[in-house]
Amino acid sequence: MIKFILILFISFIFSGDVDHIIFNKIAIEDHSEMVEIYNPTNEIIDLSNYYLSDSDKYYNWVFGTSTPLSSTDFIIKLPDGSQILPQDSFYFTTLSNDEYFEHYDEMPDVSLIDTDFEVSEIGSSSNLGLSDNAEMLVLFYWDNSSPIIKDVDYFLWGSNSRGVSKTTNEGYPFNDTIKEDQV
């Protein structure tokens, strides 16, 4: 009983209001790859300066200082004018629009294959997509001029080998928490 009360108390303490968009669902199975970005706020959020990537060097890429992406990675700037209404979702897929519709019975907001992106780098592999064994996905905000990239949400699965630790040695203006100390 004490264990239950402690878990309930800790859940209450850490259940504060979220004031920014977040990853709500991520599907990594072949032929169903999808990312749902959710807006828990009461405001419309303009996505014009938001980016999505599965590259652990995304923060150097926007400044042109990283090595080229691997053939299976991507970095995209969400299309200008894209927005998420309050309490609503935005759907991204690595599938074509038709494949997504066939699986989910609705169209995605953005398809890695069928959307013309203003800013992007997309790998050349026919195996492009989210790995089901070790991968990371980051949603970040960048105003296209600042030396600071604002990480909005980050998801890592499979291992910490794709984890991110931005450092001054890699050209970032601040040192991040080292991977071994990240929880």
# chains A, B, ... in the order shown; residues from 1 in each chain; ligands from 1
call {"tool": "select_by_dssp", "arguments": {"residues": "chain A", "states": "strand (DSSP E)", "output": "VMD selection string"}}
result
chain A and resid 22 to 27 34 to 38 45 to 46 50 to 53 74 to 77 83 to 84 89 to 93 110 to 111 120 to 122 135 to 141 150 to 157
call {"tool": "write_last_selection", "arguments": {"atoms": "N, CA and C atoms", "output": "tab-separated table (two decimals), in the first residue's frame"}}
result
chain	number	residue	atom	x	y	z
A	22	ILE	N	4.85	17.90	-28.18
A	22	ILE	CA	5.57	16.69	-27.74
A	22	ILE	C	5.29	15.53	-28.70
A	23	PHE	N	6.19	14.55	-28.67
A	23	PHE	CA	5.90	13.29	-29.34
A	23	PHE	C	4.84	12.58	-28.53
A	24	ASN	N	3.79	12.14	-29.19
A	24	ASN	CA	2.72	11.44	-28.48
A	24	ASN	C	2.74	9.96	-28.82
A	25	LYS	N	2.97	9.64	-30.10
A	25	LYS	CA	3.05	8.24	-30.54
A	25	LYS	C	4.16	8.14	-31.58
A	26	ILE	N	4.87	7.03	-31.53
A	26	ILE	CA	5.88	6.73	-32.54
A	26	ILE	C	5.73	5.26	-32.89
A	27	ALA	N	5.48	4.96	-34.16
A	27	ALA	CA	5.37	3.58	-34.62
A	27	ALA	C	6.59	3.30	-35.49
A	34	MET	N	5.24	5.93	-38.26
A	34	MET	CA	4.46	7.14	-38.06
A	34	MET	C	4.92	7.82	-36.79
A	35	VAL	N	4.87	9.16	-36.80
A	35	VAL	CA	5.17	9.96	-35.62
A	35	VAL	C	3.99	10.91	-35.43
A	36	GLU	N	3.43	10.90	-34.23
A	36	GLU	CA	2.37	11.84	-33.89
A	36	GLU	C	2.96	12.90	-32.98
A	37	ILE	N	2.87	14.15	-33.41
A	37	ILE	CA	3.31	15.29	-32.61
A	37	ILE	C	2.04	15.94	-32.07
A	38	TYR	N	1.96	16.09	-30.75
A	38	TYR	CA	0.73	16.55	-30.11
A	38	TYR	C	0.92	17.93	-29.50
A	45	ILE	N	0.00	26.34	-32.64
A	45	ILE	CA	1.45	26.40	-32.75
A	45	ILE	C	1.86	26.32	-34.21
A	46	ASP	N	2.57	27.36	-34.66
A	46	ASP	CA	3.09	27.42	-36.03
A	46	ASP	C	4.35	26.56	-36.09
A	50	TYR	N	10.21	24.48	-37.15
A	50	TYR	CA	10.45	23.22	-36.46
A	50	TYR	C	11.05	22.21	-37.44
A	51	TYR	N	11.95	21.40	-36.92
A	51	TYR	CA	12.64	20.38	-37.71
A	51	TYR	C	12.46	19.02	-37.03
A	52	LEU	N	12.56	17.98	-37.84
A	52	LEU	CA	12.48	16.61	-37.35
A	52	LEU	C	13.65	15.84	-37.94
A	53	SER	N	14.34	15.05	-37.10
A	53	SER	CA	15.51	14.32	-37.58
A	53	SER	C	15.70	13.02	-36.82
A	74	PHE	N	17.59	11.25	-41.93
A	74	PHE	CA	16.93	12.40	-42.54
A	74	PHE	C	16.92	13.58	-41.56
A	75	ILE	N	16.88	14.76	-42.13
A	75	ILE	CA	16.60	16.00	-41.40
A	75	ILE	C	15.65	16.78	-42.30
A	76	ILE	N	14.51	17.16	-41.76
A	76	ILE	CA	13.55	17.93	-42.55
A	76	ILE	C	13.08	19.15	-41.75
A	77	LYS	N	12.82	20.22	-42.46
A	77	LYS	CA	12.16	21.38	-41.88
A	77	LYS	C	10.68	21.20	-42.21
A	83	GLN	N	0.75	23.94	-39.04
A	83	GLN	CA	0.42	24.31	-37.67
A	83	GLN	C	-0.31	23.17	-36.98
A	84	ILE	N	-0.32	23.23	-35.66
A	84	ILE	CA	-1.09	22.27	-34.86
A	84	ILE	C	-2.07	23.08	-34.02
A	89	SER	N	-3.24	17.01	-33.16
A	89	SER	CA	-2.02	16.31	-33.53
A	89	SER	C	-1.62	16.60	-34.97
A	90	PHE	N	-0.34	16.37	-35.24
A	90	PHE	CA	0.27	16.52	-36.56
A	90	PHE	C	0.95	15.18	-36.84
A	91	TYR	N	0.70	14.58	-38.01
A	91	TYR	CA	1.21	13.25	-38.31
A	91	TYR	C	2.28	13.29	-39.40
A	92	PHE	N	3.41	12.67	-39.09
A	92	PHE	CA	4.55	12.55	-40.00
A	92	PHE	C	4.77	11.06	-40.26
A	93	THR	N	5.13	10.72	-41.49
A	93	THR	CA	5.43	9.33	-41.81
A	93	THR	C	6.63	9.24	-42.73
A	110	VAL	N	2.49	15.09	-43.22
A	110	VAL	CA	3.75	15.16	-43.96
A	110	VAL	C	4.26	13.74	-44.20
A	111	SER	N	4.66	13.48	-45.44
A	111	SER	CA	5.28	12.21	-45.81
A	111	SER	C	6.72	12.49	-46.23
A	120	SER	N	15.88	20.26	-46.41
A	120	SER	CA	15.95	18.85	-46.01
A	120	SER	C	17.25	18.23	-46.49
A	121	GLU	N	17.60	17.16	-45.84
A	121	GLU	CA	18.60	16.24	-46.35
A	121	GLU	C	18.06	14.86	-46.02
A	122	ILE	N	17.89	14.07	-47.04
A	122	ILE	CA	17.25	12.77	-46.89
A	122	ILE	C	18.19	11.73	-47.47
A	135	GLU	N	17.67	3.58	-32.47
A	135	GLU	CA	17.40	4.81	-33.23
A	135	GLU	C	17.10	5.95	-32.27
A	136	MET	N	17.13	7.14	-32.80
A	136	MET	CA	16.70	8.32	-32.05
A	136	MET	C	15.89	9.20	-32.99
A	137	LEU	N	15.03	10.00	-32.38
A	137	LEU	CA	14.23	10.94	-33.13
A	137	LEU	C	14.18	12.22	-32.32
A	138	VAL	N	14.40	13.34	-32.97
A	138	VAL	CA	14.39	14.62	-32.27
A	138	VAL	C	13.53	15.61	-33.04
A	139	LEU	N	12.75	16.36	-32.28
A	139	LEU	CA	11.99	17.49	-32.79
A	139	LEU	C	12.67	18.71	-32.21
A	140	PHE	N	13.11	19.64	-33.08
A	140	PHE	CA	13.80	20.82	-32.57
A	140	PHE	C	13.33	22.07	-33.29
A	141	TYR	N	13.58	23.20	-32.66
A	141	TYR	CA	13.20	24.50	-33.18
A	141	TYR	C	14.48	25.27	-33.48
A	150	LYS	N	16.93	24.77	-30.26
A	150	LYS	CA	16.13	24.43	-29.09
A	150	LYS	C	15.53	23.05	-29.28
A	151	ASP	N	16.02	22.07	-28.52
A	151	ASP	CA	15.43	20.74	-28.55
A	151	ASP	C	14.05	20.82	-27.92
A	152	VAL	N	13.05	20.33	-28.63
A	152	VAL	CA	11.67	20.39	-28.17
A	152	VAL	C	11.27	19.05	-27.56
A	153	ASP	N	11.53	17.96	-28.27
A	153	ASP	CA	11.28	16.63	-27.73
A	153	ASP	C	12.26	15.67	-28.38
A	154	TYR	N	12.56	14.61	-27.65
A	154	TYR	CA	13.62	13.69	-28.04
A	154	TYR	C	13.20	12.30	-27.61
A	155	PHE	N	13.39	11.32	-28.47
A	155	PHE	CA	13.03	9.95	-28.14
A	155	PHE	C	14.14	9.03	-28.62
A	156	LEU	N	14.57	8.15	-27.75
A	156	LEU	CA	15.68	7.23	-28.03
A	156	LEU	C	15.21	5.82	-27.71
A	157	TRP	N	15.52	4.85	-28.58
A	157	TRP	CA	15.15	3.47	-28.28
A	157	TRP	C	16.21	2.51	-28.76
call {"tool": "select_by_dssp", "arguments": {"residues": "region 24-139 of chain A", "states": "alpha helix (DSSP H)", "output": "list in words"}}
result
Tyr58, Tyr59, Asn60, Trp61, Asn97, Asp98, Glu99, Tyr100, Phe101, Glu102, His103 and Tyr104 of chain A
call {"tool": "closest_residue", "arguments": {"among": "A:Leu85, A:Val62, A:Leu95, A:Leu130", "to": "Asp114 (chain A)", "atoms": "only C-alpha atoms"}}
result
A:Leu95
call {"tool": "residues_around", "arguments": {"residues": "Ile148 (chain A)", "least_positions_apart": "4", "cutoff": "10 Å", "atoms": "only C-alpha atoms", "output": "compact mmCIF listing (two decimals) with all heavy atoms, in the first residue's frame"}}
result
# COMPACT_ATOMS: atom_id res chain seq x y z
N TYR A 59 22.29 18.89 -34.81
CA TYR A 59 22.63 20.23 -34.35
C TYR A 59 23.84 20.80 -35.08
O TYR A 59 23.98 22.01 -35.19
CB TYR A 59 22.88 20.25 -32.84
CG TYR A 59 23.92 19.25 -32.38
CD1 TYR A 59 25.24 19.61 -32.24
CD2 TYR A 59 23.56 17.93 -32.11
CE1 TYR A 59 26.19 18.69 -31.84
CE2 TYR A 59 24.50 17.01 -31.70
CZ TYR A 59 25.81 17.39 -31.57
OH TYR A 59 26.75 16.47 -31.17
N TYR A 141 13.58 23.20 -32.66
CA TYR A 141 13.20 24.50 -33.18
C TYR A 141 14.48 25.27 -33.48
O TYR A 141 15.41 25.30 -32.68
CB TYR A 141 12.38 25.27 -32.13
CG TYR A 141 12.01 26.66 -32.56
CD1 TYR A 141 10.82 26.89 -33.24
CD2 TYR A 141 12.85 27.74 -32.31
CE1 TYR A 141 10.47 28.17 -33.66
CE2 TYR A 141 12.50 29.02 -32.72
CZ TYR A 141 11.33 29.23 -33.38
OH TYR A 141 10.99 30.50 -33.79
N TRP A 142 14.51 25.91 -34.65
CA TRP A 142 15.65 26.75 -35.01
C TRP A 142 15.13 27.90 -35.84
O TRP A 142 14.38 27.71 -36.80
CB TRP A 142 16.69 25.95 -35.79
CG TRP A 142 17.92 26.72 -36.14
CD1 TRP A 142 18.66 27.53 -35.32
CD2 TRP A 142 18.56 26.77 -37.41
NE1 TRP A 142 19.73 28.06 -36.00
CE2 TRP A 142 19.69 27.61 -37.29
CE3 TRP A 142 18.31 26.18 -38.63
CZ2 TRP A 142 20.54 27.87 -38.34
CZ3 TRP A 142 19.15 26.43 -39.68
CH2 TRP A 142 20.27 27.27 -39.54
N ASP A 143 15.53 29.11 -35.50
CA ASP A 143 15.05 30.31 -36.19
C ASP A 143 15.84 30.61 -37.46
O ASP A 143 15.67 31.66 -38.07
CB ASP A 143 15.06 31.52 -35.25
CG ASP A 143 16.46 31.91 -34.81
OD1 ASP A 143 17.46 31.36 -35.32
OD2 ASP A 143 16.57 32.77 -33.92
N ASN A 144 16.72 29.73 -37.88
CA ASN A 144 17.52 29.83 -39.10
C ASN A 144 18.64 30.85 -39.02
O ASN A 144 19.25 31.17 -40.04
CB ASN A 144 16.65 30.10 -40.33
CG ASN A 144 15.71 28.97 -40.61
OD1 ASN A 144 16.14 27.85 -40.83
ND2 ASN A 144 14.42 29.24 -40.56
N TYR A 172 29.23 23.12 -31.03
CA TYR A 172 28.05 23.68 -30.37
C TYR A 172 28.51 24.66 -29.31
O TYR A 172 29.53 24.44 -28.66
CB TYR A 172 27.20 22.56 -29.76
CG TYR A 172 25.79 22.98 -29.51
CD1 TYR A 172 24.91 23.16 -30.57
CD2 TYR A 172 25.33 23.24 -28.23
CE1 TYR A 172 23.61 23.58 -30.36
CE2 TYR A 172 24.03 23.66 -28.01
CZ TYR A 172 23.18 23.83 -29.08
OH TYR A 172 21.89 24.25 -28.87
N PRO A 173 27.81 25.76 -29.08
CA PRO A 173 28.31 26.79 -28.16
C PRO A 173 28.29 26.41 -26.67
O PRO A 173 28.88 27.10 -25.87
CB PRO A 173 27.42 28.00 -28.42
CG PRO A 173 26.27 27.52 -29.20
CD PRO A 173 26.63 26.21 -29.80
N PHE A 174 27.62 25.31 -26.31
CA PHE A 174 27.55 24.89 -24.91
C PHE A 174 27.80 23.39 -24.81
O PHE A 174 27.58 22.66 -25.78
CB PHE A 174 26.19 25.21 -24.31
CG PHE A 174 25.83 26.65 -24.37
CD1 PHE A 174 24.95 27.12 -25.33
CD2 PHE A 174 26.39 27.56 -23.48
CE1 PHE A 174 24.62 28.46 -25.40
CE2 PHE A 174 26.08 28.91 -23.55
CZ PHE A 174 25.19 29.35 -24.50
call {"tool": "closest_residue", "arguments": {"among": "A:Asp54, A:Asp73, A:Gln87, A:Phe63", "to": "Val18 (chain A)", "atoms": "only C-alpha atoms"}}
result
A:Gln87
call {"tool": "residues_around", "arguments": {"residues": "region 158-168 of chain A", "least_positions_apart": "5", "cutoff": "9 Å", "atoms": "only C-alpha atoms", "output": "ChimeraX atom specification"}}
result
/A:55-57,59-60,132-136,173-180,182
call {"tool": "write_last_selection", "arguments": {"atoms": "N, CA, C and O atoms", "output": "PDB file, in the first residue's frame"}}
result
ATOM      1  N   SER A  55      18.957  11.891 -37.089  1.00  0.00           N
ATOM      2  CA  SER A  55      20.420  11.946 -37.080  1.00  0.00           C
ATOM      3  C   SER A  55      20.898  12.487 -35.739  1.00  0.00           C
ATOM      4  O   SER A  55      20.432  13.531 -35.285  1.00  0.00           O
ATOM      5  N   ASP A  56      21.842  11.814 -35.121  1.00  0.00           N
ATOM      6  CA  ASP A  56      22.364  12.286 -33.836  1.00  0.00           C
ATOM      7  C   ASP A  56      23.324  13.470 -33.994  1.00  0.00           C
ATOM      8  O   ASP A  56      23.832  13.995 -33.013  1.00  0.00           O
ATOM      9  N   LYS A  57      23.547  13.920 -35.200  1.00  0.00           N
ATOM     10  CA  LYS A  57      24.385  15.100 -35.465  1.00  0.00           C
ATOM     11  C   LYS A  57      23.557  16.255 -36.034  1.00  0.00           C
ATOM     12  O   LYS A  57      24.090  17.162 -36.664  1.00  0.00           O
ATOM     13  N   TYR A  59      22.291  18.886 -34.811  1.00  0.00           N
ATOM     14  CA  TYR A  59      22.632  20.234 -34.351  1.00  0.00           C
ATOM     15  C   TYR A  59      23.836  20.801 -35.085  1.00  0.00           C
ATOM     16  O   TYR A  59      23.982  22.015 -35.191  1.00  0.00           O
ATOM     17  N   ASN A  60      24.716  19.980 -35.612  1.00  0.00           N
ATOM     18  CA  ASN A  60      25.820  20.477 -36.442  1.00  0.00           C
ATOM     19  C   ASN A  60      25.383  20.659 -37.897  1.00  0.00           C
ATOM     20  O   ASN A  60      25.885  21.534 -38.585  1.00  0.00           O
ATOM     21  N   ASP A 132      14.089  -0.273 -36.130  1.00  0.00           N
ATOM     22  CA  ASP A 132      13.347  -0.852 -35.012  1.00  0.00           C
ATOM     23  C   ASP A 132      14.255  -1.402 -33.918  1.00  0.00           C
ATOM     24  O   ASP A 132      13.782  -1.853 -32.890  1.00  0.00           O
ATOM     25  N   ASN A 133      15.588  -1.324 -34.102  1.00  0.00           N
ATOM     26  CA  ASN A 133      16.460  -1.871 -33.057  1.00  0.00           C
ATOM     27  C   ASN A 133      17.288  -0.823 -32.306  1.00  0.00           C
ATOM     28  O   ASN A 133      17.562  -1.006 -31.139  1.00  0.00           O
ATOM     29  N   ALA A 134      17.703   0.256 -32.923  1.00  0.00           N
ATOM     30  CA  ALA A 134      18.450   1.319 -32.226  1.00  0.00           C
ATOM     31  C   ALA A 134      18.342   2.595 -33.037  1.00  0.00           C
ATOM     32  O   ALA A 134      18.852   2.669 -34.146  1.00  0.00           O
ATOM     33  N   GLU A 135      17.673   3.585 -32.467  1.00  0.00           N
ATOM     34  CA  GLU A 135      17.402   4.805 -33.234  1.00  0.00           C
ATOM     35  C   GLU A 135      17.102   5.946 -32.269  1.00  0.00           C
ATOM     36  O   GLU A 135      16.859   5.737 -31.084  1.00  0.00           O
ATOM     37  N   MET A 136      17.131   7.143 -32.801  1.00  0.00           N
ATOM     38  CA  MET A 136      16.701   8.323 -32.055  1.00  0.00           C
ATOM     39  C   MET A 136      15.886   9.197 -32.985  1.00  0.00           C
ATOM     40  O   MET A 136      15.997   9.109 -34.207  1.00  0.00           O
ATOM     41  N   PRO A 173      27.806  25.762 -29.084  1.00  0.00           N
ATOM     42  CA  PRO A 173      28.314  26.787 -28.156  1.00  0.00           C
ATOM     43  C   PRO A 173      28.287  26.408 -26.673  1.00  0.00           C
ATOM     44  O   PRO A 173      28.878  27.103 -25.867  1.00  0.00           O
ATOM     45  N   PHE A 174      27.622  25.310 -26.308  1.00  0.00           N
ATOM     46  CA  PHE A 174      27.554  24.886 -24.909  1.00  0.00           C
ATOM     47  C   PHE A 174      27.796  23.388 -24.813  1.00  0.00           C
ATOM     48  O   PHE A 174      27.581  22.656 -25.777  1.00  0.00           O
ATOM     49  N   ASN A 175      28.220  22.919 -23.646  1.00  0.00           N
ATOM     50  CA  ASN A 175      28.357  21.483 -23.413  1.00  0.00           C
ATOM     51  C   ASN A 175      27.075  20.930 -22.824  1.00  0.00           C
ATOM     52  O   ASN A 175      26.517  21.477 -21.878  1.00  0.00           O
ATOM     53  N   ASP A 176      26.634  19.821 -23.376  1.00  0.00           N
ATOM     54  CA  ASP A 176      25.455  19.110 -22.905  1.00  0.00           C
ATOM     55  C   ASP A 176      25.880  18.120 -21.825  1.00  0.00           C
ATOM     56  O   ASP A 176      27.070  17.889 -21.606  1.00  0.00           O
ATOM     57  N   THR A 177      24.926  17.516 -21.167  1.00  0.00           N
ATOM     58  CA  THR A 177      25.200  16.437 -20.217  1.00  0.00           C
ATOM     59  C   THR A 177      25.764  15.250 -20.989  1.00  0.00           C
ATOM     60  O   THR A 177      25.208  14.856 -22.022  1.00  0.00           O
ATOM     61  N   ILE A 178      26.878  14.675 -20.517  1.00  0.00           N
ATOM     62  CA  ILE A 178      27.472  13.544 -21.226  1.00  0.00           C
ATOM     63  C   ILE A 178      26.502  12.365 -21.224  1.00  0.00           C
ATOM     64  O   ILE A 178      25.687  12.221 -20.299  1.00  0.00           O
ATOM     65  N   LYS A 179      26.558  11.536 -22.261  1.00  0.00           N
ATOM     66  CA  LYS A 179      25.606  10.430 -22.440  1.00  0.00           C
ATOM     67  C   LYS A 179      25.521   9.531 -21.212  1.00  0.00           C
ATOM     68  O   LYS A 179      24.435   9.120 -20.823  1.00  0.00           O
ATOM     69  N   GLU A 180      26.655   9.229 -20.601  1.00  0.00           N
ATOM     70  CA  GLU A 180      26.671   8.318 -19.469  1.00  0.00           C
ATOM     71  C   GLU A 180      25.894   8.861 -18.271  1.00  0.00           C
ATOM     72  O   GLU A 180      25.407   8.112 -17.436  1.00  0.00           O
ATOM     73  N   GLN A 182      23.222  10.947 -18.613  1.00  0.00           N
ATOM     74  CA  GLN A 182      21.822  11.243 -18.965  1.00  0.00           C
ATOM     75  C   GLN A 182      20.922  10.112 -18.478  1.00  0.00           C
ATOM     76  O   GLN A 182      21.278   8.952 -18.533  1.00  0.00           O
TER      77      GLN A 182
END
call {"tool": "atom_distance", "arguments": {"atom1": "CA of Ile21 (chain A)", "atom2": "CA of Thr41 (chain A)"}}
result
7.7 Å
call {"tool": "residues_around", "arguments": {"residues": "His31 (chain A)", "least_positions_apart": "4", "cutoff": "8 Å", "atoms": "only C-alpha atoms", "output": "PyMOL selection string"}}
result
chain A and resi 95+99-100+103
call {"tool": "residues_around", "arguments": {"residues": "Ile113 (chain A)", "least_positions_apart": "4", "cutoff": "8 Å", "atoms": "only C-alpha atoms", "output": "MDAnalysis selection string"}}
result
chainID A and resid 94:97
call {"tool": "residues_around", "arguments": {"residues": "Pro79 (chain A)", "least_positions_apart": "6", "cutoff": "8 Å", "atoms": "only C-alpha atoms", "output": "ChimeraX atom specification"}}
result
/A:47-48,117-118
call {"tool": "write_last_selection", "arguments": {"atoms": "all heavy atoms", "output": "PDB file, in the first residue's frame"}}
result
ATOM      1  N   LEU A  47       4.392  25.641 -37.028  1.00  0.00           N
ATOM      2  CA  LEU A  47       5.514  24.700 -37.137  1.00  0.00           C
ATOM      3  C   LEU A  47       6.571  25.142 -38.150  1.00  0.00           C
ATOM      4  O   LEU A  47       7.469  24.374 -38.471  1.00  0.00           O
ATOM      5  CB  LEU A  47       4.988  23.313 -37.519  1.00  0.00           C
ATOM      6  CG  LEU A  47       4.029  22.686 -36.516  1.00  0.00           C
ATOM      7  CD1 LEU A  47       3.473  21.381 -37.072  1.00  0.00           C
ATOM      8  CD2 LEU A  47       4.724  22.447 -35.196  1.00  0.00           C
ATOM      9  N   SER A  48       6.491  26.360 -38.647  1.00  0.00           N
ATOM     10  CA  SER A  48       7.365  26.819 -39.726  1.00  0.00           C
ATOM     11  C   SER A  48       8.853  26.737 -39.408  1.00  0.00           C
ATOM     12  O   SER A  48       9.659  26.577 -40.313  1.00  0.00           O
ATOM     13  CB  SER A  48       7.012  28.251 -40.121  1.00  0.00           C
ATOM     14  OG  SER A  48       5.700  28.295 -40.638  1.00  0.00           O
ATOM     15  N   PHE A 117      10.085  19.397 -49.430  1.00  0.00           N
ATOM     16  CA  PHE A 117      10.545  20.188 -48.291  1.00  0.00           C
ATOM     17  C   PHE A 117      11.397  21.351 -48.765  1.00  0.00           C
ATOM     18  O   PHE A 117      12.223  21.206 -49.663  1.00  0.00           O
ATOM     19  CB  PHE A 117      11.368  19.315 -47.330  1.00  0.00           C
ATOM     20  CG  PHE A 117      10.574  18.189 -46.724  1.00  0.00           C
ATOM     21  CD1 PHE A 117      10.693  16.898 -47.200  1.00  0.00           C
ATOM     22  CD2 PHE A 117       9.703  18.433 -45.674  1.00  0.00           C
ATOM     23  CE1 PHE A 117       9.962  15.865 -46.646  1.00  0.00           C
ATOM     24  CE2 PHE A 117       8.969  17.411 -45.108  1.00  0.00           C
ATOM     25  CZ  PHE A 117       9.100  16.122 -45.600  1.00  0.00           C
ATOM     26  N   GLU A 118      11.210  22.485 -48.134  1.00  0.00           N
ATOM     27  CA  GLU A 118      12.017  23.671 -48.428  1.00  0.00           C
ATOM     28  C   GLU A 118      13.463  23.428 -48.003  1.00  0.00           C
ATOM     29  O   GLU A 118      14.398  23.791 -48.705  1.00  0.00           O
ATOM     30  CB  GLU A 118      11.438  24.862 -47.658  1.00  0.00           C
ATOM     31  CG  GLU A 118      12.243  26.124 -47.774  1.00  0.00           C
ATOM     32  CD  GLU A 118      11.721  27.214 -46.835  1.00  0.00           C
ATOM     33  OE1 GLU A 118      10.631  27.068 -46.266  1.00  0.00           O
ATOM     34  OE2 GLU A 118      12.437  28.210 -46.682  1.00  0.00           O
TER      35      GLU A 118
END
call {"tool": "closest_residue", "arguments": {"among": "A:Ser32, A:Asn39, A:Asn169, A:Ser70", "to": "Pro86 (chain A)", "atoms": "only C-alpha atoms"}}
result
A:Asn39
